[in-house]
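Peer 1: Structure file final_25.cif, mmCIF, C-alpha atoms, is pasted below:
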```cif
data_entry
#
loop_
_atom_site.label_atom_id
_atom_site.label_comp_id
_atom_site.auth_asym_id
_atom_site.auth_seq_id
_atom_site.Cartn_x
_atom_site.Cartn_y
_atom_site.Cartn_z
CA VAL A 13 176.20 54.35 25.08
CA LEU A 14 172.41 53.96 25.30
CA GLY A 15 172.21 56.10 28.43
CA TYR A 16 174.72 58.73 27.30
CA PRO A 17 175.25 58.68 23.49
CA LEU A 18 177.82 61.51 23.61
CA ILE A 19 180.33 59.02 25.03
CA VAL A 20 181.06 57.86 21.47
CA ILE A 21 182.50 61.26 20.54
CA MET A 22 184.12 62.06 23.87
CA PRO A 23 187.91 62.56 23.54
CA LEU A 24 189.52 59.44 24.99
CA ARG A 25 192.75 60.77 26.53
CA THR A 26 191.62 64.22 27.67
CA GLU A 27 188.13 63.41 28.98
CA LEU A 28 187.01 59.79 29.16
CA ILE A 29 190.13 58.20 30.67
CA PRO A 30 190.56 60.91 33.38
CA LYS A 31 186.89 60.59 34.36
CA ILE A 32 187.03 56.80 34.61
CA ALA A 33 190.28 57.08 36.59
CA PHE A 34 188.60 59.51 38.99
CA LEU A 35 185.71 57.10 39.59
CA ARG A 36 188.09 54.20 40.22
CA GLN A 37 190.16 56.27 42.64
CA ALA A 38 187.08 57.61 44.44
CA LEU A 39 185.65 54.13 44.98
CA ASP A 40 189.01 52.90 46.29
CA ASP A 41 190.36 53.22 49.82
CA ASP A 42 193.67 52.91 51.60
CA GLU A 43 192.84 49.76 53.54
CA GLY A 44 191.26 46.56 52.35
CA ARG A 45 191.26 47.53 48.73
CA PRO A 46 188.81 45.49 46.64
CA SER A 47 190.14 43.33 43.84
CA GLU A 48 190.62 44.91 40.42
CA ARG A 49 187.70 42.91 39.10
CA LEU A 50 185.31 44.05 41.85
CA LYS A 51 186.45 47.67 41.51
CA ARG A 52 185.88 47.61 37.75
CA LYS A 53 182.45 46.06 38.26
CA GLU A 54 181.51 48.83 40.70
CA VAL A 55 182.58 51.55 38.25
CA VAL A 56 180.63 49.92 35.41
CA SER A 57 177.56 49.61 37.64
CA LEU A 58 177.74 53.31 38.54
CA LEU A 59 178.10 54.37 34.89
CA CYS A 60 175.14 52.23 33.83
CA GLU A 61 173.05 53.65 36.65
CA MET A 62 174.11 57.25 36.08
CA PRO A 63 175.90 57.81 32.74
CA SER A 64 175.39 61.58 33.00
CA ILE A 65 178.16 61.68 35.61
CA LEU A 66 180.52 61.80 32.62
CA GLU A 67 179.29 65.34 31.88
CA TYR A 68 180.95 66.88 34.93
CA ASN A 69 184.42 68.43 35.03
CA VAL A 70 186.88 66.37 37.04
CA LYS A 71 189.41 69.05 38.01
CA LYS A 72 187.02 71.93 38.69
CA ARG A 73 184.07 70.07 40.24
CA LEU A 74 184.55 66.42 41.13
CA ILE A 75 188.02 66.33 42.72
CA PRO A 76 187.53 69.45 44.95
CA ARG A 77 184.19 68.10 46.18
CA LEU A 78 185.61 64.62 46.77
CA GLU A 79 188.44 66.07 48.86
CA LYS A 80 185.92 68.15 50.81
CA VAL A 81 183.80 65.09 51.61
CA ARG A 82 186.81 63.06 52.73
CA SER A 83 188.03 65.90 54.90
CA VAL A 84 184.73 66.85 56.54
CA LEU A 85 183.28 63.35 56.92
CA ASN A 86 186.60 61.54 57.40
CA ALA A 87 185.54 59.06 54.73
CA PRO A 88 188.48 57.38 52.94
CA ARG A 89 186.16 55.30 50.76
CA ILE A 90 183.25 56.90 48.89
CA SER A 91 180.11 55.01 47.92
CA SER A 92 178.47 55.32 44.51
CA TYR A 93 175.56 57.10 46.25
CA ILE A 94 177.89 59.81 47.55
CA LEU A 95 179.55 60.09 44.14
CA GLN A 96 176.17 60.90 42.61
CA ILE A 97 175.69 63.66 45.18
CA ILE A 98 179.20 65.03 44.55
CA ALA A 99 178.48 65.22 40.82
CA THR A 100 174.88 66.37 40.63
CA LYS A 101 174.04 68.72 43.47
CA THR A 102 174.38 72.47 43.03
CA ASP A 103 177.05 74.15 45.18
CA SER A 104 174.60 75.35 47.81
CA ARG A 105 172.77 72.04 48.07
CA PHE A 106 176.02 70.11 48.18
CA ASN A 107 177.11 72.23 51.15
CA GLU A 108 173.72 71.69 52.81
CA TRP A 109 174.04 67.95 52.38
CA LEU A 110 177.60 67.96 53.70
CA CYS A 111 176.58 69.89 56.79
CA HIS A 112 173.63 67.53 57.29
CA GLU A 113 175.87 64.46 57.12
CA ARG A 114 178.38 66.01 59.53
CA LYS A 115 175.62 66.69 62.05
CA LYS A 116 174.47 63.08 61.72
CA GLN A 117 177.99 61.90 62.51
CA ASP A 118 178.17 64.21 65.52
CA GLY A 119 174.82 62.92 66.78
CA THR A 120 173.19 66.36 66.65
CA LEU A 121 170.64 65.42 63.99
CA VAL A 122 168.03 62.69 63.95
CA ASP A 123 168.21 60.77 60.68
CA THR A 124 165.06 60.38 58.60
CA LYS A 125 164.20 58.45 55.49
CA GLU A 126 163.60 61.72 53.68
CA SER A 127 167.15 62.92 54.31
CA GLU A 128 168.57 59.88 52.52
CA GLU A 129 166.82 60.61 49.25
CA ILE A 130 169.10 61.70 46.43
CA GLU A 131 168.33 64.57 44.10
CA PRO A 132 165.95 63.58 41.24
CA ASN A 133 167.65 62.35 38.10
CA ASP A 134 167.02 63.33 34.48
CA ARG A 135 163.42 62.13 34.43
CA GLU A 136 160.70 64.78 34.39
CA LYS A 137 158.62 65.24 37.51
CA ASP A 138 155.05 64.22 36.72
CA ASP A 139 153.28 65.11 39.96
CA ILE A 140 151.65 68.53 40.05
CA GLY A 141 152.66 69.07 43.66
CA SER A 142 156.37 69.05 42.80
CA THR A 143 156.48 72.77 42.00
CA THR A 144 157.36 75.42 44.54
CA LYS A 145 154.43 77.05 46.32
CA ARG A 146 154.54 80.82 45.92
CA PRO A 147 153.82 83.30 48.72
CA ASP A 148 150.34 84.82 48.46
CA GLY A 149 150.17 87.36 45.65
CA GLU A 150 153.59 86.56 44.16
CA PRO A 151 153.45 85.82 40.40
CA CYS A 152 154.59 82.41 39.16
CA ALA A 153 156.96 81.83 36.24
CA TYR A 154 157.45 79.06 33.67
CA VAL A 155 159.58 78.46 30.61
CA ILE A 156 158.35 76.40 27.66
CA VAL A 157 161.32 74.85 25.84
CA SER A 158 160.64 73.50 22.37
CA ASN A 159 161.91 73.34 18.81
CA LEU A 160 165.48 74.25 19.76
CA GLN A 161 168.40 73.01 17.68
CA SER A 162 171.12 73.00 20.32
CA GLY A 163 171.35 71.01 23.54
CA ASN A 164 173.61 73.75 24.87
CA ASN A 165 170.79 76.25 24.50
CA ILE A 166 168.29 74.02 26.30
CA GLY A 167 170.70 73.48 29.19
CA ASN A 168 171.52 77.16 29.47
CA ILE A 169 167.83 78.16 29.36
CA ILE A 170 167.08 75.76 32.21
CA ARG A 171 170.04 77.16 34.11
CA SER A 172 168.69 80.72 33.73
CA ALA A 173 165.17 79.56 34.63
CA SER A 174 166.49 78.05 37.86
CA ILE A 175 168.59 81.10 38.71
CA PHE A 176 165.76 83.58 38.14
CA GLY A 177 163.16 81.72 40.18
CA CYS A 178 161.00 79.86 37.67
CA ASP A 179 158.61 77.27 39.07
CA GLU A 180 158.90 74.70 36.31
CA CYS A 181 160.22 74.01 32.82
CA LEU A 182 157.75 72.57 30.29
CA VAL A 183 159.49 70.58 27.55
CA VAL A 184 157.49 70.15 24.33
CA GLY A 185 158.41 67.60 21.66
CA GLN A 186 160.78 64.66 21.92
CA LYS A 187 161.45 63.18 25.34
CA ARG A 188 165.15 62.73 24.63
CA TYR A 189 167.17 65.95 24.68
CA ARG A 190 170.58 67.09 25.85
CA LEU A 191 171.06 69.47 28.76
CA THR A 192 174.69 70.42 28.22
CA GLY A 193 175.58 73.62 30.06
CA ASP A 194 172.88 73.44 32.74
CA HIS A 195 175.53 73.14 35.53
CA GLY A 196 173.27 71.10 37.78
CA ALA A 197 170.12 73.21 37.26
CA ARG A 198 168.29 70.09 36.00
CA PHE A 199 168.33 68.81 39.58
CA ASP A 200 166.94 72.06 40.97
CA LEU A 201 164.20 72.99 38.49
CA PRO A 202 161.27 70.58 37.98
CA ARG A 203 160.66 69.60 34.35
CA ARG A 204 157.52 68.25 32.73
CA HIS A 205 157.20 66.77 29.25
CA PHE A 206 154.40 67.36 26.73
CA TYR A 207 154.04 66.19 23.14
CA SER A 208 152.26 69.35 21.97
CA HIS A 209 152.16 73.04 22.81
CA LEU A 210 148.40 72.83 23.33
CA ASP A 211 148.93 70.17 26.01
CA ALA A 212 151.41 72.48 27.73
CA LYS A 213 148.95 75.38 27.69
CA ASN A 214 146.14 73.15 28.98
CA TYR A 215 148.42 72.16 31.86
CA LEU A 216 148.86 75.83 32.74
CA ARG A 217 145.09 76.26 32.64
CA GLN A 218 144.77 73.24 34.91
CA LYS A 219 147.15 74.93 37.36
CA GLN A 220 144.84 77.94 37.29
CA SER A 221 141.66 75.91 37.94
CA SER A 222 143.29 74.02 40.80
CA ASP A 223 143.75 77.26 42.77
CA ASP A 224 141.18 79.41 44.50
CA ASP A 225 141.44 82.46 42.24
CA ASP A 226 140.50 82.88 38.58
CA LYS A 227 143.75 84.45 37.47
CA GLN A 228 145.38 82.99 34.38
CA VAL A 229 149.00 82.28 33.50
CA ARG A 230 149.84 84.57 30.59
CA VAL A 231 151.82 82.88 27.78
CA TYR A 232 154.40 85.19 26.16
CA GLY A 233 156.14 84.40 22.89
CA VAL A 234 159.59 85.98 22.67
CA GLU A 235 160.10 87.02 19.07
CA ILE A 236 161.03 90.07 16.95
CA MET A 237 157.75 90.96 15.26
CA ALA A 238 155.56 93.99 14.55
CA ASN A 239 153.00 93.41 17.31
CA ALA A 240 155.53 92.53 20.01
CA ARG A 241 156.12 94.79 23.02
CA PRO A 242 159.60 95.55 24.41
CA ILE A 243 160.62 93.56 27.48
CA MET A 244 161.37 96.86 29.27
CA ARG A 245 161.60 100.57 28.54
CA TYR A 246 163.36 103.27 30.53
CA ASP A 247 161.88 106.78 30.59
CA PRO A 248 164.81 109.21 31.09
CA GLU A 249 162.47 112.05 32.05
CA THR A 250 160.75 110.24 34.92
CA GLY A 251 163.48 107.72 35.71
CA VAL A 252 160.87 104.93 35.55
CA VAL A 253 161.45 101.51 33.99
CA ARG A 254 158.26 100.07 32.50
CA PHE A 255 157.60 96.35 32.00
CA PRO A 256 154.87 94.75 29.84
CA PHE A 257 153.55 92.56 32.68
CA ASP A 258 150.42 93.00 34.80
CA ARG A 259 149.47 91.85 38.31
CA LYS A 260 146.02 90.86 37.07
CA TRP A 261 147.62 87.67 35.71
CA LYS A 262 148.59 84.76 37.91
CA GLY A 263 152.02 84.63 36.31
CA ALA A 264 153.88 84.20 33.05
CA ALA A 265 155.12 81.41 30.80
CA PHE A 266 157.74 82.23 28.17
CA ILE A 267 158.22 80.47 24.82
CA PHE A 268 161.47 81.11 22.95
CA GLY A 269 161.78 80.68 19.19
CA ASN A 270 164.03 78.40 17.20
CA GLU A 271 167.51 79.85 16.59
CA GLY A 272 167.07 79.89 12.82
CA GLN A 273 163.34 80.09 12.09
CA GLY A 274 161.93 81.79 15.19
CA LEU A 275 158.57 80.83 16.67
CA SER A 276 156.67 78.18 14.73
CA GLU A 277 152.96 78.47 13.92
CA LYS A 278 152.12 75.94 16.64
CA GLN A 279 154.07 78.00 19.17
CA ARG A 280 152.40 81.24 18.13
CA GLU A 281 148.94 79.70 18.42
CA VAL A 282 149.32 79.17 22.18
CA CYS A 283 150.78 82.64 22.87
CA ASP A 284 148.61 85.33 24.43
CA GLU A 285 151.09 88.09 23.69
CA PHE A 286 154.52 88.68 22.16
CA LEU A 287 157.62 90.37 23.55
CA PHE A 288 160.97 91.35 22.09
CA ILE A 289 164.34 92.52 23.40
CA PRO A 290 165.33 95.92 21.95
CA GLN A 291 168.77 95.94 20.31
CA THR A 292 171.04 98.97 19.89
CA ARG A 293 172.63 97.55 16.75
CA GLY A 294 171.37 94.98 14.25
CA GLY A 295 172.59 93.00 11.28
CA SER A 296 172.69 93.70 7.56
CA ARG A 297 172.00 91.57 4.51
CA MET A 298 175.71 91.73 3.75
CA GLY A 299 176.43 89.73 6.89
CA LYS A 300 177.60 92.62 9.03
CA GLY A 301 176.50 92.63 12.68
CA SER A 302 173.85 90.38 14.19
CA ALA A 303 170.10 90.59 13.61
CA SER A 304 169.14 88.76 16.80
CA MET A 305 170.45 87.39 20.08
CA ASN A 306 171.32 83.79 20.83
CA VAL A 307 168.16 82.17 22.23
CA ALA A 308 169.80 81.20 25.54
CA CYS A 309 171.06 84.77 26.02
CA ALA A 310 167.60 86.11 25.17
CA ALA A 311 166.06 83.80 27.77
CA ALA A 312 168.42 85.13 30.46
CA VAL A 313 167.51 88.75 29.62
CA VAL A 314 163.76 88.09 29.62
CA LEU A 315 163.75 86.02 32.82
CA GLN A 316 165.87 88.54 34.71
CA ALA A 317 163.50 91.33 33.66
CA TYR A 318 160.48 89.33 34.81
CA CYS A 319 162.22 88.38 38.07
CA THR A 320 162.89 92.08 38.74
CA TRP A 321 159.30 93.10 37.96
CA ALA A 322 157.79 90.27 40.03
CA GLY A 323 159.89 91.23 43.05
CA PHE A 324 161.43 87.81 43.64
CA SER A 325 163.81 87.97 46.60
CA ASP A 326 167.57 87.92 46.03
CA ALA A 327 169.57 84.83 46.93
CA LEU A 328 172.17 84.98 49.69
CA ILE A 329 175.69 85.97 48.66
CA GLN A 330 178.92 84.51 49.95
CA GLY A 331 182.18 85.55 48.36
CA GLU A 332 181.58 85.50 44.61
CA LYS A 333 178.67 83.04 44.68
CA PHE A 334 174.92 83.12 45.24
CA LEU A 335 173.68 80.51 47.71
CA SER A 336 170.36 78.84 48.42
CA ASP A 337 168.35 79.71 51.52
CA SER A 338 170.65 77.70 53.80
CA PRO A 339 172.17 79.55 56.79
CA PRO A 340 175.39 81.38 55.83
CA ASP A 341 177.38 79.82 58.69
CA VAL A 342 176.79 76.34 57.23
CA ASN A 343 178.69 77.20 54.09
CA GLU A 344 181.36 79.15 55.93
CA LYS A 345 182.13 76.18 58.20
CA TYR A 346 182.39 73.63 55.43
#
```
Output the structure of this file as structure tokens.
Peer 2:
Amino acid sequence: VLGYPLIVIMPLRTELIPKIAFLRQALDDDEGRPSERLKRKEVVSLLCEMPSILEYNVKKRLIPRLEKVRSVLNAPRISSYILQIIATKTDSRFNEWLCHERKKQDGTLVDTKESEEIEPNDREKDDIGSTTKRPDGEPCAYVIVSNLQSGNNIGNIIRSASIFGCDECLVVGQKRYRLTGDHGARFDLPRRHFYSHLDAKNYLRQKQSSDDDDKQVRVYGVEIMANARPIMRYDPETGVVRFPFDRKWKGAAFIFGNEGQGLSEKQREVCDEFLFIPQTRGGSRMGKGSASMNVACAAAVVLQAYCTWAGFSDALIQGEKFLSDSPPDVNEKY
């Protein structure tokens, strides 16, 4: 309960019991089954170590991956370490890991200590070197998440930030927050916690001073206001799409407003500029229509626009999924 408070409101028959049953079955084997007491102790130990495993869907995610591991690695019994990998890794990284383990079994890969390390858990990464190094001249990207009412929105913003190539997510405010809806992006995108927006901006300045050039990271507040510029504009006469970004900056950091009240004064103080997403239709005082987008949807629109302008490379495609930079034949084989 301390590690995952949502367990107290989780439906018992439809969610909690099936998930516990899955863990018990996964940690079991066909031969030499452990006693009921030992098996229960192992499940409890896993849940205390990683309570967030209860977030993941059993039928759509956990069972298919478990069957894949047993088939490819010929492993009737699964350790708690492998269960964490099955639950937390993104699809592409799960396939990379599976291929890596198969090569180890076949003797075609030399094992290293580094290969045994599991994906980082829900703690923020505090070392500056944990972010991805950009190619020379390529702009960097950050999201600053703060003052949001819904854990679903935070999780979905982090998911979009991971998908559209952000370097890091800066979380301002309380250290405890929910990441519902991130679909594993928390294990792909580094996060860093700050207690104030000024601390977050100073960190971005520190990133600037640690590099050779004098370019700054531009902080954009996303809000509907008079002095805000549109995130993009299409000129039908020239066929040109114009963005409000400039290569003279090192990169961009985006702050998104609260769902009800918008950007706070503290958030606005650290912004260098403001952007908005043009809408074709709005809302009325009588309650008709909608005056603004959901903050998570707005984040996806803004980050995709910036990703397009910055020229970030597209991920590999296989079937109906985007993959990481792993070789396509790895995912096709397994």
Peer 1: Step by step, work through what the PyMOL selection byres ((chain A and resi 55) around 8) selects in the shown file, and finish by giving those residues as a count of residues only.
Peer 2: 12
Peer 1: Have a look at CA of Leu287 in chain A and CA of Thr250 in chain A and let me know their distance in Å, one decimal.
Peer 2: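 Atom-to-atom, CA of Leu287 in chain A and CA of Thr250 in chain A are spaced 23.1 Å apart.
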Peer 1: Distance CA of Val253 in chain A-CA of Ala317 in chain A, one decimal place?
Peer 2: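 Atom-to-atom, CA of Val253 in chain A to CA of Ala317 in chain A, that is 10.4 Å.
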Peer 1: I'd like the interatomic distance between CA of Ala240 in chain A and CA of Gln291 in chain A, to a tenth of an Å.
Peer 2: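 CA of Gln291 in chain A lies 13.7 Å from CA of Ala240 in chain A.
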Peer 1: Restricting the calculation to only C-alpha atoms, which member of A:Ala173, A:Ile267, A:Val13, A:Leu182 is positioned closest to Asn214 in chain A?
Peer 2: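 Using only C-alpha atoms, Asn214 in chain A sits closest to A:Leu182.
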Peer 1: Smallest atom-to-atom distance to Ile166 in chain A: which of A:Gly269, A:Pro76, A:Gly295, A:Pro242, using all atoms listed in the file?
Peer 2: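 Smallest separation from Ile166 in chain A among the options: A:Gly269.
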Peer 1: Pick out the closest residue to Gly272 in chain A from this set: A:Val252, A:Cys181, A:Val307, A:Val314. Count all atoms listed in the file.
Peer 2: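 Answer, going by the shortest atom-to-atom distance: A:Val307.
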Peer 1: So which one's closest to Tyr232 in chain A, A:Glu332, A:Glu285, A:Asp326, A:Glu108? Using all atoms listed in the file, please.
Peer 2: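 Ranked by minimum distance to Tyr232 in chain A, first place goes to A:Glu285.
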Peer 1: Decode the PyMOL selection byres ((chain A and resi 313) around 12) for the given file into explicit residues and return them as a VMD selection string.
Peer 2: chain A and resid 169 172 to 173 175 to 176 234 242 to 244 266 268 287 to 291 305 to 312 314 to 320
Peer 1: For Tyr154 in chain A, which of A:Val183, A:Ala197, A:Ala38, A:Ala238 is the closest residue, counting all atoms listed in the file?
Peer 2: A:Val183
Peer 1: Since I can't run it myself right now, could you work out what the PyMOL selection byres ((chain A and resi 69) around 12) selects here and report it as a list of chain:residue names?
Peer 2: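 Evaluating the PyMOL selection byres ((chain A and resi 69) around 12) on this file yields A:Thr26, A:Glu27, A:Leu28, A:Pro30, A:Lys31, A:Ile32, A:Phe34, A:Ser64, A:Ile65, A:Leu66, A:Glu67, A:Tyr68, A:Val70, A:Lys71, A:Lys72, A:Arg73, A:Leu74, A:Ile75, A:Pro76, A:Arg77, A:Ile98, A:Ala99, A:Thr100, A:Gly193, A:His195, A:Gly196.
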Peer 1: Let me make sure I understand: among A:Val231, A:Ile19, A:His112, A:Cys178, which one has the smallest atom-to-atom distance to Pro151 in chain A if we use only C-alpha atoms?
Peer 2: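 Checking each of A:Val231, A:Ile19, A:His112, A:Cys178 against Pro151 in chain A, counting only C-alpha atoms, the winner is A:Cys178.
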